[in-house]
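Engineer: So here's entry-v3.txt (compact mmCIF, C-alpha atoms).
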```txt
# COMPACT_ATOMS: atom_id res chain seq x y z
CA PRO V 1225 12.88 30.75 -18.90
CA PRO V 1226 9.41 30.55 -20.47
CA ILE V 1227 8.33 33.93 -21.86
CA ARG V 1228 5.16 33.99 -19.79
CA SER V 1229 7.14 33.67 -16.55
CA LYS V 1230 8.28 37.23 -17.29
CA ARG V 1231 5.49 38.57 -19.48
CA ARG V 1232 1.97 37.36 -18.64
CA ASP V 1233 0.44 39.39 -21.47
CA VAL V 1234 2.01 37.14 -24.12
CA SER V 1235 -0.63 34.78 -25.47
CA SER V 1236 -0.38 31.05 -24.73
CA ALA V 1237 -0.32 30.25 -28.44
CA LEU V 1238 2.61 32.56 -29.20
CA ALA V 1239 4.50 31.35 -26.13
CA ALA V 1240 4.08 27.76 -27.37
CA VAL V 1241 5.60 28.69 -30.75
CA VAL V 1242 8.61 30.36 -29.14
CA THR V 1243 9.14 27.46 -26.73
CA ARG V 1244 9.16 24.98 -29.58
CA CYS V 1245 11.63 27.08 -31.61
CA CYS V 1246 13.95 27.18 -28.59
CA ALA V 1247 13.77 23.44 -27.80
CA LYS V 1248 17.18 21.99 -26.90
CA ASP V 1249 16.64 18.81 -28.88
CA PRO V 1250 16.47 19.53 -32.65
CA LYS V 1251 13.78 16.90 -33.20
CA ASP V 1252 11.47 18.85 -30.88
CA ARG V 1253 11.73 22.04 -32.98
CA PHE V 1254 9.91 22.96 -36.19
CA HIS V 1255 11.51 21.25 -39.18
CA THR V 1256 10.56 23.63 -41.99
CA ALA V 1257 9.86 27.31 -42.53
CA ALA V 1258 6.33 26.27 -43.54
CA GLN V 1259 5.68 24.88 -40.06
CA VAL V 1260 6.98 28.04 -38.39
CA ALA V 1261 4.83 30.22 -40.63
CA GLU V 1262 1.74 28.08 -40.07
CA ALA V 1263 2.17 28.16 -36.29
CA LEU V 1264 2.72 31.93 -36.27
CA ARG V 1265 -0.28 32.44 -38.54
CA ALA V 1266 -2.42 30.62 -35.98
CA ALA V 1267 -0.86 32.44 -33.03
CA MET V 1268 -0.72 36.04 -34.28
CA PRO V 1269 -2.95 38.28 -36.44
CA VAL V 1270 -0.01 39.13 -38.73
CA ARG V 1271 0.17 38.38 -42.46
CA ILE V 1272 2.99 35.96 -43.21
CA LEU V 1273 4.15 35.41 -46.80
CA PRO V 1274 3.25 31.97 -48.16
CA VAL V 1275 6.31 29.73 -48.12
CA ARG V 1276 5.74 28.68 -51.72
CA HIS V 1277 7.01 32.14 -52.78
CA LEU V 1278 10.31 31.60 -50.95
CA LYS V 1279 13.44 29.78 -52.16
CA LYS V 1280 15.85 27.80 -49.95
CA PRO V 1281 13.34 26.52 -47.37
CA VAL V 1282 16.07 24.84 -45.28
CA VAL V 1283 17.92 28.10 -44.71
CA LEU V 1284 14.64 29.93 -44.14
CA ALA V 1285 13.55 27.39 -41.52
CA ALA V 1286 16.59 28.35 -39.46
CA ALA V 1287 15.96 32.01 -40.24
CA GLY V 1288 12.37 31.61 -39.09
CA ALA V 1289 13.58 30.23 -35.77
CA VAL V 1290 16.00 33.16 -35.41
CA VAL V 1291 13.17 35.62 -36.08
CA VAL V 1292 11.01 33.99 -33.41
CA VAL V 1293 13.86 33.95 -30.88
CA ALA V 1294 14.46 37.64 -31.63
CA LEU V 1295 10.75 38.21 -31.08
CA ALA V 1296 11.04 36.39 -27.75
CA LEU V 1297 13.93 38.58 -26.66
CA ALA V 1298 12.04 41.69 -27.69
CA LEU V 1299 8.99 40.61 -25.72
CA LEU V 1300 11.10 39.90 -22.65
CA ALA V 1301 12.89 43.23 -22.97
CA ARG V 1302 9.70 45.26 -23.02
CA ARG V 1303 8.93 46.69 -19.64
CA PRO V 1304 6.10 45.07 -17.60
CA GLY V 1305 2.92 47.07 -17.82
CA ALA V 1306 3.42 48.08 -21.45
CA GLU V 1307 0.55 47.70 -23.92
CA ARG V 1308 -0.89 44.17 -24.08
CA ALA V 1309 0.22 41.91 -26.90
CA VAL V 1310 -2.65 41.04 -29.20
CA GLY V 1311 -3.06 37.26 -29.27
CA PRO V 1312 -5.25 35.01 -31.38
CA GLU V 1313 -8.40 36.36 -29.79
CA GLY V 1314 -7.38 39.98 -29.23
CA PRO V 1315 -6.47 41.46 -25.86
CA ALA V 1316 -8.52 38.84 -23.98
CA ALA V 1317 -6.54 35.89 -25.37
CA ASP V 1318 -6.48 32.82 -23.14
CA THR V 1319 -3.71 32.87 -20.50
CA THR V 1320 -4.70 29.95 -18.25
CA ARG V 1321 -5.84 26.46 -19.06
CA SER V 1322 -7.53 23.99 -16.73
CA ALA V 1323 -6.28 20.43 -16.44
CA ALA V 1324 -9.87 19.27 -16.97
CA PRO V 1325 -10.84 18.21 -20.53
CA MET V 1326 -11.57 21.05 -22.97
CA LEU V 1327 -12.06 19.49 -26.39
CA ALA V 1328 -11.95 21.18 -29.80
CA VAL V 1329 -13.72 19.17 -32.53
CA LEU V 1330 -12.43 20.07 -35.99
CA PRO V 1331 -14.54 19.75 -39.16
CA PHE V 1332 -14.55 16.15 -40.36
CA LYS V 1333 -12.78 15.16 -43.55
CA VAL V 1334 -15.51 13.77 -45.85
CA PRO V 1335 -14.98 11.91 -49.13
CA GLY V 1336 -16.04 13.45 -52.43
CA THR V 1337 -18.31 10.50 -53.17
CA PRO V 1338 -21.31 11.05 -55.49
CA GLY V 1339 -24.58 10.87 -53.60
CA VAL V 1340 -22.94 11.54 -50.22
CA THR V 1341 -24.50 14.62 -48.65
CA MET V 1342 -22.55 14.66 -45.36
CA ASP V 1343 -20.90 17.94 -44.46
CA GLY V 1344 -17.69 17.99 -42.42
CA PRO V 1345 -18.47 21.04 -40.26
CA SER V 1346 -22.02 19.80 -39.59
CA ILE V 1347 -20.79 16.39 -38.39
CA ALA V 1348 -18.29 18.11 -36.12
CA GLN V 1349 -21.00 20.36 -34.69
CA LEU V 1350 -23.31 17.40 -34.02
CA LEU V 1351 -20.50 15.51 -32.29
CA ALA V 1352 -19.35 18.49 -30.20
CA ASN V 1353 -22.92 19.27 -29.10
CA LYS V 1354 -23.57 15.68 -28.05
CA ILE V 1355 -20.25 15.35 -26.20
CA GLY V 1356 -20.83 18.65 -24.40
CA GLU V 1357 -24.54 18.48 -23.59
CA GLY V 1358 -24.90 14.72 -23.27
CA PHE V 1359 -21.75 13.85 -21.32
CA GLN V 1360 -20.56 17.14 -19.78
CA VAL V 1361 -17.20 17.16 -21.55
CA ALA V 1362 -16.34 20.83 -22.02
CA THR V 1363 -16.02 21.69 -25.73
CA VAL V 1364 -14.94 24.81 -27.60
CA ASP V 1365 -17.97 26.74 -28.88
CA MET V 1366 -18.46 25.53 -32.46
CA ASN V 1367 -19.71 28.87 -33.83
CA ARG V 1368 -16.49 30.47 -32.60
CA LEU V 1369 -14.33 27.61 -33.86
CA LEU V 1370 -15.93 27.48 -37.31
CA GLY V 1371 -15.78 31.26 -37.61
CA ARG V 1372 -12.04 31.24 -37.04
CA TRP V 1373 -11.66 28.17 -39.23
CA THR V 1374 -13.34 29.90 -42.18
CA ALA V 1375 -11.67 33.27 -41.66
CA GLU V 1376 -8.21 31.68 -41.62
CA ARG V 1377 -9.06 29.42 -44.59
CA ARG V 1378 -7.85 26.41 -42.69
CA ASP V 1379 -7.68 22.93 -44.19
CA VAL V 1380 -8.53 19.56 -42.60
CA ASP V 1381 -5.39 18.17 -44.28
CA ALA V 1382 -3.09 20.62 -42.45
CA LEU V 1383 -0.28 19.20 -40.34
CA LEU V 1384 -1.28 17.97 -36.89
CA ASP V 1385 0.92 20.51 -35.09
CA SER V 1386 -0.76 23.34 -37.01
CA ASN V 1387 -4.26 22.16 -36.09
CA ALA V 1388 -3.15 21.55 -32.49
CA ALA V 1389 -1.83 25.13 -32.27
CA PHE V 1390 -5.17 26.35 -33.64
CA ALA V 1391 -7.12 24.35 -31.04
CA TYR V 1392 -4.77 25.45 -28.24
CA SER V 1393 -5.31 29.11 -29.18
CA LEU V 1394 -9.04 28.50 -28.57
CA GLY V 1395 -8.35 27.23 -25.04
CA ALA V 1396 -8.52 23.50 -25.82
CA ASN V 1397 -6.41 20.88 -24.04
CA GLN V 1398 -7.52 18.15 -26.45
CA LEU V 1399 -8.16 18.06 -30.19
CA ALA V 1400 -10.54 15.71 -32.05
CA VAL V 1401 -9.66 15.05 -35.71
CA GLY V 1402 -12.41 13.22 -37.58
CA HIS V 1403 -12.72 11.32 -40.86
CA SER V 1404 -15.64 9.63 -42.59
CA PHE V 1405 -15.48 6.61 -44.87
CA VAL V 1406 -18.31 5.55 -47.17
CA VAL V 1407 -18.85 2.14 -48.78
CA GLY V 1408 -22.21 1.81 -50.51
CA ARG V 1409 -24.83 2.92 -48.01
CA GLN V 1410 -22.55 2.32 -45.04
CA VAL V 1411 -20.67 5.17 -43.37
CA ARG V 1412 -17.93 4.92 -40.78
CA LEU V 1413 -17.01 7.89 -38.60
CA ALA V 1414 -13.56 7.74 -37.01
CA VAL V 1415 -12.08 10.19 -34.49
CA ASP V 1416 -8.52 10.56 -33.21
CA VAL V 1417 -8.05 12.60 -30.01
CA TYR V 1418 -4.72 14.33 -29.33
CA ASP V 1419 -3.23 16.42 -26.55
CA THR V 1420 -2.79 19.92 -27.99
CA GLN V 1421 0.56 20.51 -26.28
CA SER V 1422 2.43 17.21 -26.46
CA LEU V 1423 0.62 15.98 -29.64
CA THR V 1424 0.25 12.62 -27.89
CA ARG V 1425 -2.63 10.58 -29.26
CA LEU V 1426 -4.98 9.89 -26.37
CA GLY V 1427 -7.09 7.37 -28.25
CA GLN V 1428 -9.05 6.49 -31.38
CA ARG V 1429 -12.75 5.71 -31.68
CA GLU V 1430 -15.00 4.79 -34.61
CA GLN V 1431 -18.63 3.95 -35.29
CA THR V 1432 -20.32 2.40 -38.34
CA GLY V 1433 -23.90 2.48 -39.60
CA ASP V 1434 -26.24 3.34 -42.45
CA GLN V 1435 -26.04 6.83 -43.98
CA ASP V 1436 -29.68 7.36 -43.07
CA SER V 1437 -28.85 6.77 -39.39
CA LEU V 1438 -26.25 9.49 -38.98
CA PHE V 1439 -27.68 10.87 -35.71
CA PRO V 1440 -27.49 7.54 -33.81
CA ILE V 1441 -23.98 6.97 -35.17
CA VAL V 1442 -22.85 10.37 -33.89
CA ASP V 1443 -24.53 9.77 -30.50
CA GLN V 1444 -22.73 6.44 -30.05
CA LEU V 1445 -19.44 7.97 -31.17
CA ALA V 1446 -19.85 10.82 -28.67
CA ALA V 1447 -20.29 8.38 -25.78
CA SER V 1448 -17.23 6.43 -26.92
CA VAL V 1449 -15.09 9.59 -27.16
CA ALA V 1450 -16.22 10.71 -23.69
CA THR V 1451 -14.92 7.50 -22.11
CA MET V 1452 -11.39 8.45 -23.25
CA PHE V 1453 -11.32 10.85 -20.32
CA CYS V 1454 -12.11 8.25 -17.64
CA ARG V 1455 -8.48 8.38 -16.53
CA GLN V 1456 -8.81 12.12 -15.96
CA PRO V 1457 -9.04 12.87 -12.21
CA GLU V 1458 -12.54 13.83 -11.06
CA PHE V 1459 -14.07 13.04 -14.45
CA ASN V 1460 -17.11 10.77 -14.74
CA PRO V 1461 -19.55 11.95 -17.44
CA GLU V 1462 -23.08 10.60 -16.93
CA ASN V 1463 -21.74 7.59 -14.99
CA LEU V 1464 -19.77 6.44 -18.03
CA CYS V 1465 -16.70 5.66 -15.92
CA PHE V 1466 -18.41 4.29 -12.79
CA ASP V 1467 -21.76 4.16 -11.01
CA ILE V 1468 -20.34 4.30 -7.47
CA PRO V 1469 -17.09 6.24 -6.84
CA ALA V 1470 -14.02 4.89 -5.06
CA ARG V 1471 -13.49 6.03 -1.46
CA PRO V 1472 -11.20 5.50 1.55
CA ALA V 1473 -12.30 2.64 3.80
CA ASP V 1474 -11.74 4.89 6.85
CA SER V 1475 -11.64 8.61 7.52
CA LEU V 1476 -8.24 10.19 6.92
CA SER V 1477 -6.65 12.46 9.52
CA LEU V 1478 -3.23 13.82 10.39
CA ASP V 1479 -1.91 14.96 13.78
CA PHE V 1480 1.05 17.28 13.29
CA GLU V 1481 3.27 19.56 15.28
CA ALA V 1482 2.66 23.06 13.90
CA PRO V 1483 5.31 25.81 14.06
CA ALA V 1484 4.70 28.89 16.21
CA GLY V 1485 2.42 31.43 14.58
CA TRP V 1486 1.09 28.96 12.02
CA VAL V 1487 -2.49 29.64 10.92
CA ALA V 1488 -4.63 26.70 9.80
CA PRO V 1489 -5.60 26.83 6.08
CA PRO V 1490 -9.29 27.29 5.24
CA GLU V 1491 -9.31 24.04 3.24
CA ARG V 1492 -8.08 20.55 4.04
CA PRO V 1493 -5.24 18.89 2.12
CA SER V 1494 -6.79 17.03 -0.80
CA PHE V 1495 -5.45 14.48 -3.26
CA TYR V 1496 -6.48 12.67 -6.44
CA VAL V 1497 -6.08 8.92 -5.93
CA LEU V 1498 -6.36 6.19 -8.55
CA VAL V 1499 -7.86 3.11 -6.89
CA SER V 1500 -7.46 -0.26 -8.61
CA ARG V 1501 -10.20 -2.85 -8.95
CA ALA V 1502 -8.66 -4.66 -5.98
CA GLY V 1503 -8.88 -1.52 -3.82
CA THR V 1504 -5.14 -0.82 -3.86
CA LEU V 1505 -3.63 2.57 -4.55
CA ALA V 1506 -2.38 2.72 -8.15
CA ASP V 1507 -1.46 6.42 -8.28
CA VAL V 1508 -1.75 9.59 -6.22
CA ARG V 1509 -1.48 13.27 -7.18
CA ILE V 1510 -1.62 16.36 -5.05
CA LYS V 1511 -4.69 18.49 -5.66
CA ARG V 1512 -4.24 21.05 -2.88
CA VAL V 1513 -1.99 21.09 0.20
CA PRO V 1514 -0.74 23.87 2.51
CA ASP V 1515 2.81 25.00 1.82
CA LEU V 1516 4.27 23.32 4.89
CA PRO V 1517 6.56 20.26 4.51
CA ALA V 1518 5.27 18.58 7.68
CA ILE V 1519 1.71 18.65 6.35
CA ARG V 1520 2.66 17.83 2.75
CA GLU V 1521 4.72 14.76 3.70
CA GLY V 1522 2.43 13.69 6.53
CA ALA V 1523 -0.77 13.94 4.48
CA MET V 1524 0.83 12.08 1.57
CA SER V 1525 1.88 9.35 4.02
CA VAL V 1526 -1.68 9.08 5.36
CA VAL V 1527 -3.16 8.85 1.85
CA SER V 1528 -0.56 6.31 0.66
CA GLY V 1529 -1.07 4.05 3.66
CA ALA V 1530 -4.88 4.13 3.68
CA ARG V 1531 -7.21 1.30 2.63
CA TYR V 1532 -9.66 1.96 -0.21
CA VAL V 1533 -12.98 0.64 -1.51
CA PRO V 1534 -12.92 0.41 -5.34
CA ALA V 1535 -15.40 2.13 -7.64
CA ARG V 1536 -18.12 -0.02 -9.20
CA LYS V 1537 -19.72 -0.12 -12.64
CA ALA V 1538 -22.76 -2.34 -13.20
CA GLY V 1539 -21.97 -4.09 -9.92
CA GLN V 1540 -18.36 -4.87 -10.86
CA PRO V 1541 -15.24 -3.18 -9.39
CA VAL V 1542 -13.45 -0.86 -11.82
CA GLU V 1543 -10.30 1.24 -11.66
CA ALA V 1544 -11.19 4.91 -11.10
CA TRP V 1545 -9.96 8.19 -9.68
CA ALA V 1546 -11.36 9.63 -6.46
CA THR V 1547 -10.74 12.81 -4.50
CA VAL V 1548 -9.86 12.40 -0.81
CA GLU V 1549 -9.30 14.94 1.95
CA VAL V 1550 -7.15 14.68 5.07
CA ALA V 1551 -8.40 16.27 8.29
CA LEU V 1552 -5.75 18.22 10.25
CA SER V 1553 -5.34 18.13 14.02
CA ARG V 1554 -2.71 20.47 15.44
CA MET V 1555 -0.45 19.39 18.31
CA ALA V 1556 1.24 21.80 20.66
CA ALA V 1557 4.96 22.09 19.94
CA GLY V 1558 6.96 19.74 22.16
CA ALA V 1559 3.83 18.34 23.81
CA VAL V 1560 4.79 14.76 23.00
CA GLU V 1561 8.28 13.50 22.48
CA VAL V 1562 8.30 9.70 22.22
CA ALA V 1563 5.57 7.31 23.31
CA ALA V 1564 5.32 3.55 23.56
CA GLY V 1565 4.40 1.76 20.36
CA CYS V 1566 7.16 3.02 18.06
CA ASP V 1567 8.72 -0.43 18.05
CA ASN V 1568 5.39 -2.03 17.18
CA ALA V 1569 5.05 -2.54 13.44
CA GLN V 1570 1.32 -1.99 13.00
CA GLY V 1571 1.10 0.78 15.60
CA SER V 1572 4.05 2.68 14.16
CA VAL V 1573 2.75 2.71 10.60
CA ALA V 1574 -0.01 5.14 11.51
CA ASN V 1575 2.42 7.14 13.68
CA ALA V 1576 -0.45 8.65 15.65
CA GLY V 1577 0.40 12.13 16.84
CA ARG V 1578 3.72 12.01 14.96
CA ARG V 1579 5.28 10.51 18.09
CA CYS V 1580 7.61 8.18 16.22
CA TYR V 1581 8.74 10.50 13.45
CA ASP V 1582 7.87 13.75 11.67
CA SER V 1583 8.41 12.46 8.13
CA ARG V 1584 8.18 8.80 7.22
CA PRO V 1585 10.78 6.75 5.28
CA LEU V 1586 10.44 7.11 1.52
CA PRO V 1587 11.87 4.76 -1.15
CA ARG V 1588 14.61 6.39 -3.23
CA ALA V 1589 13.20 4.89 -6.44
CA ALA V 1590 9.74 3.79 -7.53
CA PRO V 1591 9.17 0.29 -6.06
CA SER V 1592 8.11 -1.83 -9.04
CA VAL V 1593 9.15 -5.23 -10.39
CA PRO V 1594 8.39 -7.25 -13.55
CA VAL V 1595 5.47 -9.68 -13.50
CA PRO V 1596 6.66 -13.32 -13.50
CA PRO V 1597 5.51 -15.52 -16.42
CA MET V 1598 3.31 -17.70 -14.20
CA CYS V 1599 1.07 -14.71 -13.38
CA THR V 1600 -1.79 -14.28 -15.85
CA GLY V 1601 -4.43 -11.61 -16.32
CA SER V 1602 -4.37 -8.30 -14.48
CA VAL V 1603 -1.86 -8.43 -11.62
CA THR V 1604 -2.41 -6.09 -8.67
CA ALA V 1605 0.26 -4.44 -6.52
CA ALA V 1606 1.44 -5.83 -3.19
CA THR V 1607 1.63 -3.75 0.02
CA ILE V 1608 4.73 -4.60 2.04
CA LEU V 1609 5.62 -3.49 5.57
CA VAL V 1610 9.32 -2.79 6.16
CA ARG V 1611 11.43 -1.50 9.02
CA VAL V 1612 13.90 1.15 7.85
CA SER V 1613 17.05 1.96 9.80
CA ALA V 1614 18.35 5.47 10.44
CA GLY V 1615 20.85 4.79 7.67
CA GLY V 1616 18.13 4.03 5.11
CA GLY V 1617 18.52 0.24 4.97
CA VAL V 1618 15.86 -2.40 5.62
CA VAL V 1619 16.07 -4.12 9.02
CA GLY V 1620 14.77 -7.67 9.41
CA THR V 1621 12.31 -9.40 7.10
CA PRO V 1622 9.56 -7.44 5.30
CA THR V 1623 5.95 -8.41 6.06
CA VAL V 1624 3.10 -8.71 3.54
CA VAL V 1625 0.18 -6.45 4.50
CA ARG V 1626 -1.94 -6.90 1.36
CA PRO V 1627 -0.85 -9.57 -1.12
CA SER V 1628 -1.01 -9.24 -4.88
CA SER V 1629 -3.63 -11.11 -6.90
CA CYS V 1630 -0.76 -13.39 -7.96
CA ALA V 1631 1.12 -15.25 -5.21
CA ALA V 1632 4.31 -15.44 -7.29
CA PHE V 1633 4.36 -11.67 -7.66
CA THR V 1634 3.86 -11.25 -3.91
CA GLN V 1635 6.93 -13.41 -3.25
CA ILE V 1636 9.03 -11.40 -5.69
CA ALA V 1637 7.77 -8.11 -4.25
CA THR V 1638 8.64 -9.20 -0.71
CA ALA V 1639 12.15 -10.19 -1.73
CA PHE V 1640 12.52 -6.93 -3.64
CA ALA V 1641 11.44 -4.88 -0.60
CA GLN V 1642 14.39 -6.30 1.32
CA ASP V 1643 16.82 -4.42 -0.96
CA VAL V 1644 14.97 -1.12 -1.44
CA GLY V 1645 17.00 1.94 -0.49
CA PHE V 1646 15.19 4.57 1.60
CA SER V 1647 15.49 8.13 2.70
CA PRO V 1648 15.15 7.46 6.45
CA ALA V 1649 12.44 8.83 8.70
CA ARG V 1650 13.26 12.01 10.57
CA LYS V 1651 12.32 13.29 14.00
CA GLY V 1652 13.32 16.92 14.30
CA ALA V 1653 16.78 17.16 12.70
CA ALA V 1654 17.74 13.52 13.39
CA ALA V 1655 17.31 10.42 11.24
CA VAL V 1656 15.46 7.69 13.15
CA GLU V 1657 14.51 4.05 12.64
CA ALA V 1658 10.85 3.59 11.67
CA TRP V 1659 8.34 1.25 10.09
CA THR V 1660 6.60 2.10 6.82
CA GLN V 1661 4.47 0.52 4.11
CA ILE V 1662 5.36 0.53 0.42
CA LEU V 1663 3.25 -0.38 -2.58
CA VAL V 1664 5.24 -2.59 -4.97
CA ARG V 1665 3.63 -2.22 -8.39
CA PRO V 1666 3.83 -4.67 -11.29
CA LEU V 1667 5.72 -3.75 -14.45
CA GLN V 1668 3.45 -5.33 -17.07
```
Write out the structure in this file as structure tokens.
Structural biologist:
Amino acid sequence: PPIRSKRRDVSSALAAVVTRCCAKDPKDRFHTAAQVAEALRAAMPVRILPVRHLKKPVVLAAAGAVVVVALALALLARRPGAERAVGPEGPAADTTRSAAPMLAVLPFKVPGTPGVTMDGPSIAQLLANKIGEGFQVATVDMNRLLGRWTAERRDVDALLDSNAAFAYSLGANQLAVGHSFVVGRQVRLAVDVYDTQSLTRLGQREQTGDQDSLFPIVDQLAASVATMFCRQPEFNPENLCFDIPARPADSLSLDFEAPAGWVAPPERPSFYVLVSRAGTLADVRIKRVPDLPAIREGAMSVVSGARYVPARKAGQPVEAWATVEVALSRMAAGAVEVAAGCDNAQGSVANAGRRCYDSRPLPRAAPSVPVPPMCTGSVTAATILVRVSAGGGVVGTPTVVRPSSCAAFTQIATAFAQDVGFSPARKGAAAVEAWTQILVRPLQ
């Protein structure tokens, strides 16, 4: 188990080092003793001997992993409530990290070109200030970052995983690594942004201009970097992602049969939804739902089956995330058993009052099919209505509710829906036949 599931006082940075040393797949572990030492140096205020003074680095890499695993066992063995471990920032080291962007901008790597007066830390500070103040992307305080950078004698040429561990220890989810290139009087600033945990590159941006116009170059680069986070739920800095947000076409509500003694939560179930330019649902993630299966499954069904109005930028529809809430209406237990309309396709999809079923049919695998060659451009998903038997098979012929932007894809999606396997709907403890809608997405 992760160390911090047992010991919350272990810093995030140290926990990340231990987790990587214990990875099951060898390629996911550190490969050299130097990498282990560098990561520990960033995670703990302990002096570690430079690897250049050691012989047999291959053996020592394994030894380093053993030392860290032993450290993990020792940390887990210490009783809860013992003295706090001192992390990268002392006793108050970061222990939680928001999913929202928190960007660390490292000093830029600048060329040693005669006549070039640019300074790497200064460029980084300009960029971080503009991203933070101009576009509301949270950034690590540069005075704090540069102070640690100088004290630890860090190098812009260090390995990515070392710099990522450094940024993570400062509370950052993302890391910006910058370079400058100079040709004559022209300067190009380039930035790569990485996830500090997975080391995935989120994107690359660059801007070119005259050396005497450094401030405008940095401003333009900051706006470009900020747009990298447009696919982050609830993120829209200074209307960079959209002018008008996406929204449900109708209000969302759920009637459900609550168990005895259940107390309504103070907040409604809420979800992040990614709405395509065509107004179809491209993705959905739970933001907050009560810990009750009937509400979780019912609210997800309502959100998945709703119609949406796409976001707009400069008058044009754009793909964007939106936050939606589902209103709850409690039914008395056993008040309604079965009502007319459950055999009616359109009426049963909404399942008003949960009369037809408590949990709707769900596909056993993600419904998606390749885009046929005759479809060009951006192809949207198709919404298909199917009737699912109590055994999980499709009964009859599926019906198209909302076609794709490509007719050929719609035909393929409809044929595909005929063979989709489902977990059947349930009413009480019994599996029942029910209608449901599925979104068949294109595999580009």
Engineer: Write out as a PyMOL selection string each polymer residue whose atoms come within 12 Å of V:Ala1470, counting only C-alpha atoms; drop sequence neighbours fewer than 4 positions from it.
Structural biologist: chain V and resi 1457-1458+1460+1465-1466+1496-1505+1531-1537+1541-1548
Engineer: Take atom CA of V:Arg1425 and atom CA of V:Ala1388 and report the distance between them in Å, one decimal.
Structural biologist: 11.4 Å
Engineer: Can you list, as a PDB file with C-alpha atoms, in the frame of the given file, every protein, DNA or RNA residue that comes within 12 Å of V:Met1342 when you count all atoms listed in the file, leaving out same-chain residues fewer than 4 positions away?
Structural biologist:
```pdb
ATOM      1  CA  PRO V1331     -14.540  19.750 -39.160  1.00  0.00           C
ATOM      2  CA  PHE V1332     -14.550  16.150 -40.360  1.00  0.00           C
ATOM      3  CA  LYS V1333     -12.780  15.160 -43.550  1.00  0.00           C
ATOM      4  CA  VAL V1334     -15.510  13.770 -45.850  1.00  0.00           C
ATOM      5  CA  PRO V1335     -14.980  11.910 -49.130  1.00  0.00           C
ATOM      6  CA  GLY V1336     -16.040  13.450 -52.430  1.00  0.00           C
ATOM      7  CA  THR V1337     -18.310  10.500 -53.170  1.00  0.00           C
ATOM      8  CA  PRO V1338     -21.310  11.050 -55.490  1.00  0.00           C
ATOM      9  CA  SER V1346     -22.020  19.800 -39.590  1.00  0.00           C
ATOM     10  CA  ILE V1347     -20.790  16.390 -38.390  1.00  0.00           C
ATOM     11  CA  ALA V1348     -18.290  18.110 -36.120  1.00  0.00           C
ATOM     12  CA  LEU V1350     -23.310  17.400 -34.020  1.00  0.00           C
ATOM     13  CA  HIS V1403     -12.720  11.320 -40.860  1.00  0.00           C
ATOM     14  CA  SER V1404     -15.640   9.630 -42.590  1.00  0.00           C
ATOM     15  CA  PHE V1405     -15.480   6.610 -44.870  1.00  0.00           C
ATOM     16  CA  VAL V1406     -18.310   5.550 -47.170  1.00  0.00           C
ATOM     17  CA  VAL V1411     -20.670   5.170 -43.370  1.00  0.00           C
ATOM     18  CA  ARG V1412     -17.930   4.920 -40.780  1.00  0.00           C
ATOM     19  CA  LEU V1413     -17.010   7.890 -38.600  1.00  0.00           C
ATOM     20  CA  GLN V1435     -26.040   6.830 -43.980  1.00  0.00           C
ATOM     21  CA  ASP V1436     -29.680   7.360 -43.070  1.00  0.00           C
ATOM     22  CA  SER V1437     -28.850   6.770 -39.390  1.00  0.00           C
ATOM     23  CA  LEU V1438     -26.250   9.490 -38.980  1.00  0.00           C
ATOM     24  CA  PHE V1439     -27.680  10.870 -35.710  1.00  0.00           C
TER      25      PHE V1439
END
```
Engineer: Counting all atoms listed in the file, which residue out of V:Ala1473, V:Leu1370, V:Ala1263, V:Met1452 sits closest to V:Ala1382?
Structural biologist: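 Of all the options, V:Ala1263 lies closest to V:Ala1382.
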Engineer: Given the choices V:Pro1587, V:Pro1493, V:Pro1594, V:Pro1225, which gets closest to V:Ala1551 if the distance is worked out from all atoms listed in the file?
Structural biologist: V:Pro1493
Engineer: Could you jot down the atom CA of V:Gly1601 to atom CA of V:Leu1663 separation for me, Å, one decimal place?
Structural biologist: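 Computing the Euclidean distance for atom CA of V:Gly1601 and atom CA of V:Leu1663 yields 19.3 Å.
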Engineer: Of the candidates V:Thr1432, V:Gln1444, V:Asn1397, V:Gln1360, which one gets nearest to V:Glu1462 if we count only C-alpha atoms?
Structural biologist: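 Going through V:Thr1432, V:Gln1444, V:Asn1397, V:Gln1360 one by one, the smallest distance to V:Glu1462 is for V:Gln1360.
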Engineer: One number please: atom CA of V:Ala1530 to atom CA of V:Ala1632, in Å, one decimal.
Structural biologist: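 Value for the atom CA of V:Ala1530-atom CA of V:Ala1632 distance: 24.2 Å.
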